[in-house]
file entry21.txt (compact mmCIF, C-alpha atoms and all ligand atoms)
# COMPACT_ATOMS: atom_id res chain seq x y z
CA MET A 704 -53.29 7.74 -41.66
CA ARG A 705 -51.46 8.54 -38.46
CA TYR A 706 -47.81 7.54 -38.08
CA THR A 707 -46.22 7.04 -34.67
CA TRP A 708 -42.50 6.47 -34.63
CA SER A 709 -39.47 5.86 -32.46
CA SER A 710 -35.86 4.86 -33.00
CA ALA A 711 -33.06 3.23 -31.03
CA THR A 712 -29.37 2.88 -31.74
CA HIS A 713 -26.53 1.23 -29.83
CA VAL A 714 -22.83 0.70 -30.44
CA GLY A 715 -23.11 -2.98 -29.49
CA LEU A 716 -20.62 -4.99 -27.48
CA VAL A 717 -17.68 -5.29 -29.88
CA ARG A 718 -17.25 -2.15 -32.00
CA ALA A 719 -15.39 0.92 -30.71
CA GLY A 720 -17.76 3.45 -32.27
CA ASN A 721 -21.28 3.67 -33.63
CA GLU A 722 -21.18 4.22 -37.40
CA ASP A 723 -24.95 4.02 -37.81
CA SER A 724 -27.22 7.05 -38.10
CA VAL A 725 -30.98 7.29 -37.82
CA ARG A 726 -33.63 9.97 -38.31
CA PRO A 727 -35.78 11.02 -36.58
CA THR A 728 -33.91 10.71 -33.29
CA THR A 729 -36.90 11.77 -31.24
CA ASP A 730 -40.26 10.02 -30.92
CA GLY A 731 -43.34 11.51 -32.50
CA SER A 732 -46.77 11.02 -33.99
CA ARG A 733 -48.42 12.91 -36.85
CA GLU A 734 -50.82 12.73 -39.77
CA GLU A 735 -48.61 14.74 -42.10
CA PRO A 736 -45.78 13.25 -44.20
CA VAL A 737 -42.95 11.65 -42.22
CA VAL A 738 -39.46 10.67 -43.40
CA VAL A 739 -37.68 7.88 -41.52
CA ALA A 740 -34.19 6.71 -42.47
CA VAL A 741 -31.37 4.44 -41.32
CA ALA A 742 -27.75 4.60 -42.57
CA ASP A 743 -24.89 2.23 -41.75
CA GLY A 744 -21.53 3.80 -42.47
CA MET A 745 -18.26 2.13 -43.40
CA GLY A 746 -14.71 3.35 -43.84
CA GLY A 747 -11.46 3.70 -41.94
CA ALA A 748 -11.05 5.47 -38.59
CA VAL A 749 -14.13 7.64 -38.03
CA ALA A 750 -15.04 7.90 -41.73
CA GLY A 751 -17.96 5.49 -41.41
CA GLU A 752 -19.57 7.70 -38.80
CA VAL A 753 -18.97 10.74 -40.99
CA ALA A 754 -20.43 9.05 -44.08
CA SER A 755 -23.67 7.93 -42.44
CA ARG A 756 -24.19 11.30 -40.77
CA ILE A 757 -23.51 13.36 -43.91
CA ALA A 758 -25.74 11.09 -45.99
CA ILE A 759 -28.68 11.05 -43.63
CA ASP A 760 -28.49 14.79 -42.95
CA ALA A 761 -28.57 15.49 -46.70
CA ALA A 762 -31.41 13.00 -47.21
CA VAL A 763 -33.68 14.59 -44.60
CA ALA A 764 -32.56 18.21 -45.14
CA GLU A 765 -35.76 19.09 -46.98
CA ASP A 766 -39.09 18.97 -45.17
CA PRO A 767 -41.00 15.64 -45.49
CA ALA A 768 -43.81 17.57 -47.18
CA ALA A 769 -41.45 18.85 -49.91
CA ASP A 770 -42.04 17.37 -53.35
CA ILE A 771 -38.90 15.21 -53.36
CA THR A 772 -38.98 11.48 -53.97
CA PRO A 773 -37.07 9.19 -51.60
CA GLY A 774 -34.88 8.19 -54.55
CA GLU A 775 -33.94 11.82 -55.12
CA ARG A 776 -33.23 12.21 -51.40
CA ILE A 777 -30.78 9.31 -51.64
CA ARG A 778 -29.12 10.78 -54.73
CA ARG A 779 -28.67 14.08 -52.85
CA ALA A 780 -27.17 12.13 -49.97
CA ASN A 781 -24.75 10.47 -52.36
CA LYS A 782 -23.72 13.82 -53.83
CA ALA A 783 -23.05 15.16 -50.32
CA VAL A 784 -20.82 12.19 -49.43
CA VAL A 785 -18.92 12.30 -52.72
CA GLU A 786 -18.32 16.05 -52.27
CA ALA A 787 -17.14 15.57 -48.68
CA VAL A 788 -14.54 13.06 -49.90
CA ALA A 789 -13.44 15.44 -52.68
CA ASP A 790 -12.91 18.13 -50.01
CA ASP A 791 -10.97 15.91 -47.60
CA TYR A 792 -8.86 13.05 -48.91
CA THR A 793 -8.60 11.50 -45.41
CA LEU A 794 -12.24 10.50 -45.86
CA SER A 795 -11.65 8.66 -49.13
CA GLY A 796 -13.15 5.20 -49.25
CA MET A 797 -15.96 6.02 -46.89
CA GLY A 798 -19.45 4.89 -47.74
CA THR A 799 -22.81 4.15 -46.24
CA THR A 800 -26.02 2.27 -46.74
CA LEU A 801 -29.24 4.27 -46.71
CA THR A 802 -32.79 2.99 -46.42
CA LEU A 803 -35.46 5.69 -46.36
CA GLY A 804 -39.24 5.69 -46.15
CA LEU A 805 -41.55 8.62 -46.90
CA PHE A 806 -44.86 7.94 -45.17
CA LEU A 807 -47.75 9.84 -46.73
CA PRO A 808 -51.12 10.77 -45.17
CA ASN A 809 -53.03 8.61 -47.69
CA GLY A 810 -51.31 5.45 -46.41
CA THR A 811 -48.75 5.13 -49.19
CA ALA A 812 -45.13 4.68 -48.18
CA GLN A 813 -42.50 5.44 -50.81
CA ILE A 814 -39.29 3.54 -50.16
CA ALA A 815 -35.77 4.06 -51.49
CA HIS A 816 -32.88 1.83 -50.58
CA ILE A 817 -29.21 1.14 -51.23
CA GLY A 818 -26.99 -1.27 -49.30
CA ASP A 819 -27.72 -3.95 -46.72
CA SER A 820 -29.86 -2.15 -44.19
CA ARG A 821 -33.43 -3.45 -44.32
CA LEU A 822 -37.04 -2.39 -44.32
CA TYR A 823 -39.55 -4.89 -43.00
CA LEU A 824 -43.33 -4.82 -42.90
CA TYR A 825 -44.87 -6.48 -39.86
CA ARG A 826 -48.51 -7.18 -40.69
CA ASP A 827 -50.98 -9.64 -39.13
CA GLY A 828 -48.23 -11.15 -36.98
CA GLU A 829 -45.96 -11.82 -39.92
CA LEU A 830 -42.64 -10.19 -40.79
CA ARG A 831 -41.75 -9.57 -44.43
CA GLN A 832 -38.49 -8.11 -45.70
CA LEU A 833 -39.42 -5.66 -48.45
CA THR A 834 -35.94 -4.45 -49.39
CA ARG A 835 -33.39 -6.61 -51.15
CA ASP A 836 -29.90 -6.76 -49.61
CA HIS A 837 -27.27 -5.39 -51.97
CA THR A 838 -24.70 -7.95 -50.94
CA LEU A 839 -22.62 -10.60 -52.60
CA VAL A 840 -24.32 -13.37 -50.64
CA ALA A 841 -27.83 -12.12 -51.51
CA ASP A 842 -26.83 -12.20 -55.18
CA LEU A 843 -25.44 -15.74 -54.78
CA VAL A 844 -28.66 -16.89 -53.08
CA ALA A 845 -30.73 -15.29 -55.87
CA LEU A 846 -28.61 -17.13 -58.44
CA GLY A 847 -29.12 -20.39 -56.57
CA GLN A 848 -25.38 -20.82 -56.01
CA ILE A 849 -25.68 -20.93 -52.21
CA THR A 850 -28.57 -21.43 -49.80
CA ALA A 851 -29.89 -18.81 -47.37
CA GLU A 852 -28.38 -20.88 -44.54
CA GLN A 853 -24.97 -20.89 -46.21
CA ALA A 854 -25.23 -17.12 -46.66
CA GLU A 855 -25.43 -16.67 -42.88
CA THR A 856 -21.94 -18.07 -42.36
CA HIS A 857 -20.35 -17.21 -45.71
CA PRO A 858 -16.85 -15.71 -45.23
CA ARG A 859 -17.74 -12.76 -47.46
CA ARG A 860 -21.23 -12.15 -46.06
CA ASN A 861 -20.31 -8.56 -45.13
CA LEU A 862 -19.49 -7.58 -48.70
CA VAL A 863 -21.94 -4.84 -49.76
CA THR A 864 -22.24 -4.46 -53.53
CA ARG A 865 -24.09 -1.13 -53.75
CA VAL A 866 -23.34 1.77 -51.48
CA ILE A 867 -23.53 5.55 -51.17
CA GLY A 868 -20.20 7.26 -51.79
CA THR A 869 -19.63 6.23 -55.39
CA PRO A 870 -20.13 8.41 -58.49
CA ASP A 871 -22.97 6.39 -59.98
CA ILE A 872 -25.45 4.78 -57.67
CA ASP A 873 -28.28 2.43 -58.43
CA VAL A 874 -31.15 3.03 -55.99
CA ASP A 875 -34.05 0.63 -55.48
CA GLU A 876 -37.38 2.48 -55.33
CA PHE A 877 -40.86 1.15 -54.69
CA GLU A 878 -44.18 1.95 -53.01
CA ILE A 879 -46.34 0.08 -50.55
CA GLU A 880 -49.89 0.65 -49.37
CA LEU A 881 -50.13 0.58 -45.60
CA ALA A 882 -53.10 -0.36 -43.44
CA ALA A 883 -54.02 0.49 -39.88
CA GLY A 884 -52.24 -1.93 -37.54
CA ASP A 885 -49.16 -2.23 -39.74
CA ARG A 886 -45.74 -1.77 -38.17
CA VAL A 887 -42.75 -0.86 -40.35
CA VAL A 888 -39.21 -1.56 -39.20
CA ILE A 889 -36.07 -0.06 -40.75
CA CYS A 890 -32.82 -1.46 -39.34
CA SER A 891 -29.09 -1.73 -39.83
CA ASP A 892 -27.61 -5.20 -40.31
CA GLY A 893 -26.56 -5.28 -36.65
CA LEU A 894 -30.13 -6.42 -36.02
CA ASN A 895 -30.65 -9.06 -38.69
CA SER A 896 -27.11 -10.44 -38.45
CA MET A 897 -27.74 -11.30 -34.78
CA LEU A 898 -31.43 -12.27 -34.84
CA ARG A 899 -33.48 -14.51 -37.07
CA ASP A 900 -36.70 -13.16 -38.55
CA ARG A 901 -38.72 -15.33 -36.18
CA GLU A 902 -37.01 -13.70 -33.17
CA ILE A 903 -37.61 -10.23 -34.58
CA GLU A 904 -41.24 -11.19 -35.17
CA ALA A 905 -41.67 -12.40 -31.60
CA ARG A 906 -40.28 -9.16 -30.19
CA LEU A 907 -42.54 -7.07 -32.43
CA ALA A 908 -45.57 -9.10 -31.35
CA LYS A 909 -44.90 -8.32 -27.68
CA ALA A 910 -44.03 -4.62 -27.96
CA SER A 911 -46.94 -2.27 -27.39
CA SER A 912 -45.29 0.87 -28.75
CA PRO A 913 -42.68 1.79 -31.38
CA SER A 914 -40.27 2.79 -28.62
CA GLU A 915 -40.68 -0.51 -26.82
CA ALA A 916 -40.27 -2.39 -30.10
CA ALA A 917 -37.12 -0.52 -31.13
CA TRP A 918 -35.36 -0.89 -27.79
CA SER A 919 -36.47 -4.48 -27.33
CA LEU A 920 -34.86 -5.37 -30.68
CA VAL A 921 -31.62 -3.51 -29.90
CA GLU A 922 -31.41 -5.26 -26.51
CA ALA A 923 -32.03 -8.63 -28.14
CA ALA A 924 -29.25 -8.03 -30.69
CA ASN A 925 -26.87 -7.19 -27.86
CA ALA A 926 -28.01 -10.19 -25.84
CA ALA A 927 -27.16 -12.33 -28.89
CA GLY A 928 -23.61 -10.94 -28.96
CA GLY A 929 -23.89 -7.37 -30.21
CA ASN A 930 -21.21 -7.92 -32.85
CA ASP A 931 -22.14 -4.76 -34.75
CA ASN A 932 -23.80 -1.42 -34.18
CA THR A 933 -27.56 -1.93 -34.09
CA THR A 934 -30.10 0.64 -35.16
CA VAL A 935 -33.86 0.20 -35.38
CA ALA A 936 -36.57 2.64 -36.40
CA VAL A 937 -40.19 1.61 -35.96
CA VAL A 938 -43.26 3.26 -37.46
CA ASP A 939 -46.75 2.25 -36.35
CA VAL A 940 -49.69 2.93 -38.65
CA SER A 941 -53.11 3.82 -37.30
CA LEU A 942 -56.28 5.60 -38.42
MG MG B 1 -23.61 -2.73 -39.75
call {"tool": "encode", "arguments": {"input": "entry21.txt", "output": "C-alpha cells"}}
result
Amino acid sequence: MRYTWSSATHVGLVRAGNEDSVRPTTDGSREEPVVVAVADGMGGAVAGEVASRIAIDAAVAEDPAADITPGERIRRANKAVVEAVADDYTLSGMGTTLTLGLFLPNGTAQIAHIGDSRLYLYRDGELRQLTRDHTLVADLVALGQITAEQAETHPRRNLVTRVIGTPDIDVDEFEIELAAGDRVVICSDGLNSMLRDREIEARLAKASSPSEAAWSLVEAANAAGGNDNTTVAVVDVSL
C-alpha cells in the first residue's frame, strides 16, 4: 500500500495560542511504514503547548519502521510528560490527548488513542469514527443517561477522562485493515466540536488531495466559529 499524507493546524479565532501538535508537519508519500499523530494539550499558561509537543516528539522519536507498537509509543510519550513535570513544577497539571496511527505496507493500520482527539475512516463516501472519546459526555451517552444531541451542549462536554500526563494511563489499541481509496482523518476536537460528521464528510468528498482535505476542514471549523485550535491530519491509501 502507498500512503500519502498531509496535515494542517490553526489556532482558531478565539484562543490565544495553539496547544495542538501534529506529526508529520510536512506532506509526503511512501510505501514504507508511516506514523501519523495528533495531540491536543491542556494546562495553564503555555503548559498545554509544552505537553502536546513533548508527548508527540517522544511518540515519534523512533523510526516508523522500528518494532514499537503505537501503544508503547503512547506510553513513552506519557513517561516523557510525567518526567517533564517532575523536572519543572510550573508545568504541573499539564496534559494532552494523543491519537496515533502506524500505517504498515501490508495495509494494516495499528491505532493507539487516549483522550478526545479522533480518528475517522472515510470509506465509500461514508465517515466512521473509529476511536472512542474519553470524555464524561461520551460515557454518559454510552450509559444511556444522555443523548448524543444533549452531549453537544452539555456544560461539562469538555471534561476529558483519560489523558497523558498521569502516572497510570489506559490506552485504547486496535487494528484496522485498509483498502485502496480509503482516507483516514486524525483530528483534534476543534474540528468535531465545530462541524457535524455530515459536514466533515462533504468536505472530504470534495477534496482531491490530503492537503486540500486537511485545509478545507480547518477552514470550515474556523468559518463555523473557530472556538478551539483545530488540527487535521489526512492519510490517503492507494495501491
Ligand atoms: Mg481542543
call {"tool": "residues_near_ligand", "arguments": {"input": "entry21.txt", "ligand": "ligand MG 1 (chain B)", "cutoff": "7 Å", "atoms": "all atoms listed in the file", "output": "ChimeraX atom specification"}}
result
/A:743,891-893,931-933
call {"tool": "closest_residue", "arguments": {"input": "entry21.txt", "among": "A:Leu898, A:Ala924, A:Ala908, A:Val940", "to": "A:Arg886", "atoms": "all atoms listed in the file"}}
result
A:Val940
call {"tool": "closest_residue", "arguments": {"input": "entry21.txt", "among": "A:Thr869, A:Asn895, A:Asn925, A:Gln853", "to": "A:Ala780", "atoms": "all atoms listed in the file"}}
result
A:Thr869
call {"tool": "atom_distance", "arguments": {"input": "entry21.txt", "atom1": "atom CA of A:Tyr823", "atom2": "atom CA of A:Ala719"}}
result
27.7 Å
call {"tool": "residues_around", "arguments": {"input": "entry21.txt", "residues": "A:Val935", "least_positions_apart": "5", "cutoff": "9 Å", "atoms": "all atoms listed in the file", "output": "list in words"}}
result
Ser709, Ser710, Ala711, Thr712, Val725, Val741, Val888, Ile889, Cys890, Ser891, Leu894, Ala916, Ala917, Trp918, Leu920 and Val921 of chain A
call {"tool": "residues_near_point", "arguments": {"input": "entry21.txt", "point": "(-24.3, -2.8, -53.1)", "cutoff": "12 Å", "atoms": "only C-alpha atoms", "output": "number ranges by chain"}}
result
A: 798-801, 816-820, 835-842, 861-869, 871-875
call {"tool": "atom_distance", "arguments": {"input": "entry21.txt", "atom1": "atom CA of A:Met704", "atom2": "atom CA of A:Asn809"}}
result
6.1 Å
call {"tool": "closest_residue", "arguments": {"input": "entry21.txt", "among": "A:Pro773, A:Gly747, A:Pro736, A:Pro767", "to": "A:Pro808", "atoms": "only C-alpha atoms"}}
result
A:Pro736
call {"tool": "closest_residue", "arguments": {"input": "entry21.txt", "among": "A:Gly715, A:Ser795, A:Ala789, A:Pro913", "to": "A:Ala926", "atoms": "only C-alpha atoms"}}
result
A:Gly715
call {"tool": "atom_distance", "arguments": {"input": "entry21.txt", "atom1": "atom CA of A:Ser755", "atom2": "atom CA of A:Asp791"}}
result
15.9 Å
call {"tool": "residues_around", "arguments": {"input": "entry21.txt", "residues": "A:Arg726", "least_positions_apart": "5", "cutoff": "8 Å", "atoms": "all atoms listed in the file", "output": "PDB file with C-alpha atoms, keeping the file's coordinate frame"}}
result
ATOM      1  CA  SER A 710     -35.860   4.860 -33.000  1.00  0.00           C
ATOM      2  CA  VAL A 738     -39.460  10.670 -43.400  1.00  0.00           C
ATOM      3  CA  VAL A 739     -37.680   7.880 -41.520  1.00  0.00           C
ATOM      4  CA  ALA A 740     -34.190   6.710 -42.470  1.00  0.00           C
ATOM      5  CA  VAL A 741     -31.370   4.440 -41.320  1.00  0.00           C
ATOM      6  CA  ILE A 759     -28.680  11.050 -43.630  1.00  0.00           C
ATOM      7  CA  VAL A 763     -33.680  14.590 -44.600  1.00  0.00           C
TER       8      VAL A 763
END
call {"tool": "residues_around", "arguments": {"input": "entry21.txt", "residues": "A:Arg831", "least_positions_apart": "4", "cutoff": "12 Å", "atoms": "only C-alpha atoms", "output": "PyMOL selection string"}}
result
chain A and resi 821-827+835+885-889+900-901+903-904
call {"tool": "axis_aligned_box", "arguments": {"input": "entry21.txt", "around": "stretch 762-779 of chain A", "padding_each_side": "5 Å", "output": "AutoDock Vina command-line options"}}
result
--center_x -36.2 --center_y 13.6 --center_z -49.9 --size_x 25.1 --size_y 20.9 --size_z 20.5
call {"tool": "closest_residue", "arguments": {"input": "entry21.txt", "among": "A:Leu716, A:Pro727, A:Arg779, A:Ile814", "to": "A:Glu878", "atoms": "all atoms listed in the file"}}
result
A:Ile814
call {"tool": "closest_residue", "arguments": {"input": "entry21.txt", "among": "A:Glu735, A:Glu880, A:Asp723, A:Asp730", "to": "A:Arg705", "atoms": "only C-alpha atoms"}}
result
A:Glu735
call {"tool": "residues_around", "arguments": {"input": "entry21.txt", "residues": "A:Val784", "least_positions_apart": "3", "cutoff": "7 Å", "atoms": "all atoms listed in the file", "output": "list in words"}}
result
Ala754, Ile757, Ala758, Ala780, Asn781, Ala787, Val788 and Gly868 of chain A
call {"tool": "residues_near_point", "arguments": {"input": "entry21.txt", "point": "(-33.0, 9.0, -50.3)", "cutoff": "6 Å", "atoms": "all atoms listed in the file", "output": "short mmCIF file (atom, residue, chain, number, x, y, z; two decimals) with C-alpha atoms, keeping the file's coordinate frame"}}
result
data_model
loop_
_atom_site.label_atom_id
_atom_site.label_comp_id
_atom_site.auth_asym_id
_atom_site.auth_seq_id
_atom_site.Cartn_x
_atom_site.Cartn_y
_atom_site.Cartn_z
CA ALA A 762 -31.41 13.00 -47.21
CA PRO A 773 -37.07 9.19 -51.60
CA GLY A 774 -34.88 8.19 -54.55
CA GLU A 775 -33.94 11.82 -55.12
CA ARG A 776 -33.23 12.21 -51.40
CA ILE A 777 -30.78 9.31 -51.64
CA LEU A 803 -35.46 5.69 -46.36
CA ALA A 815 -35.77 4.06 -51.49
#
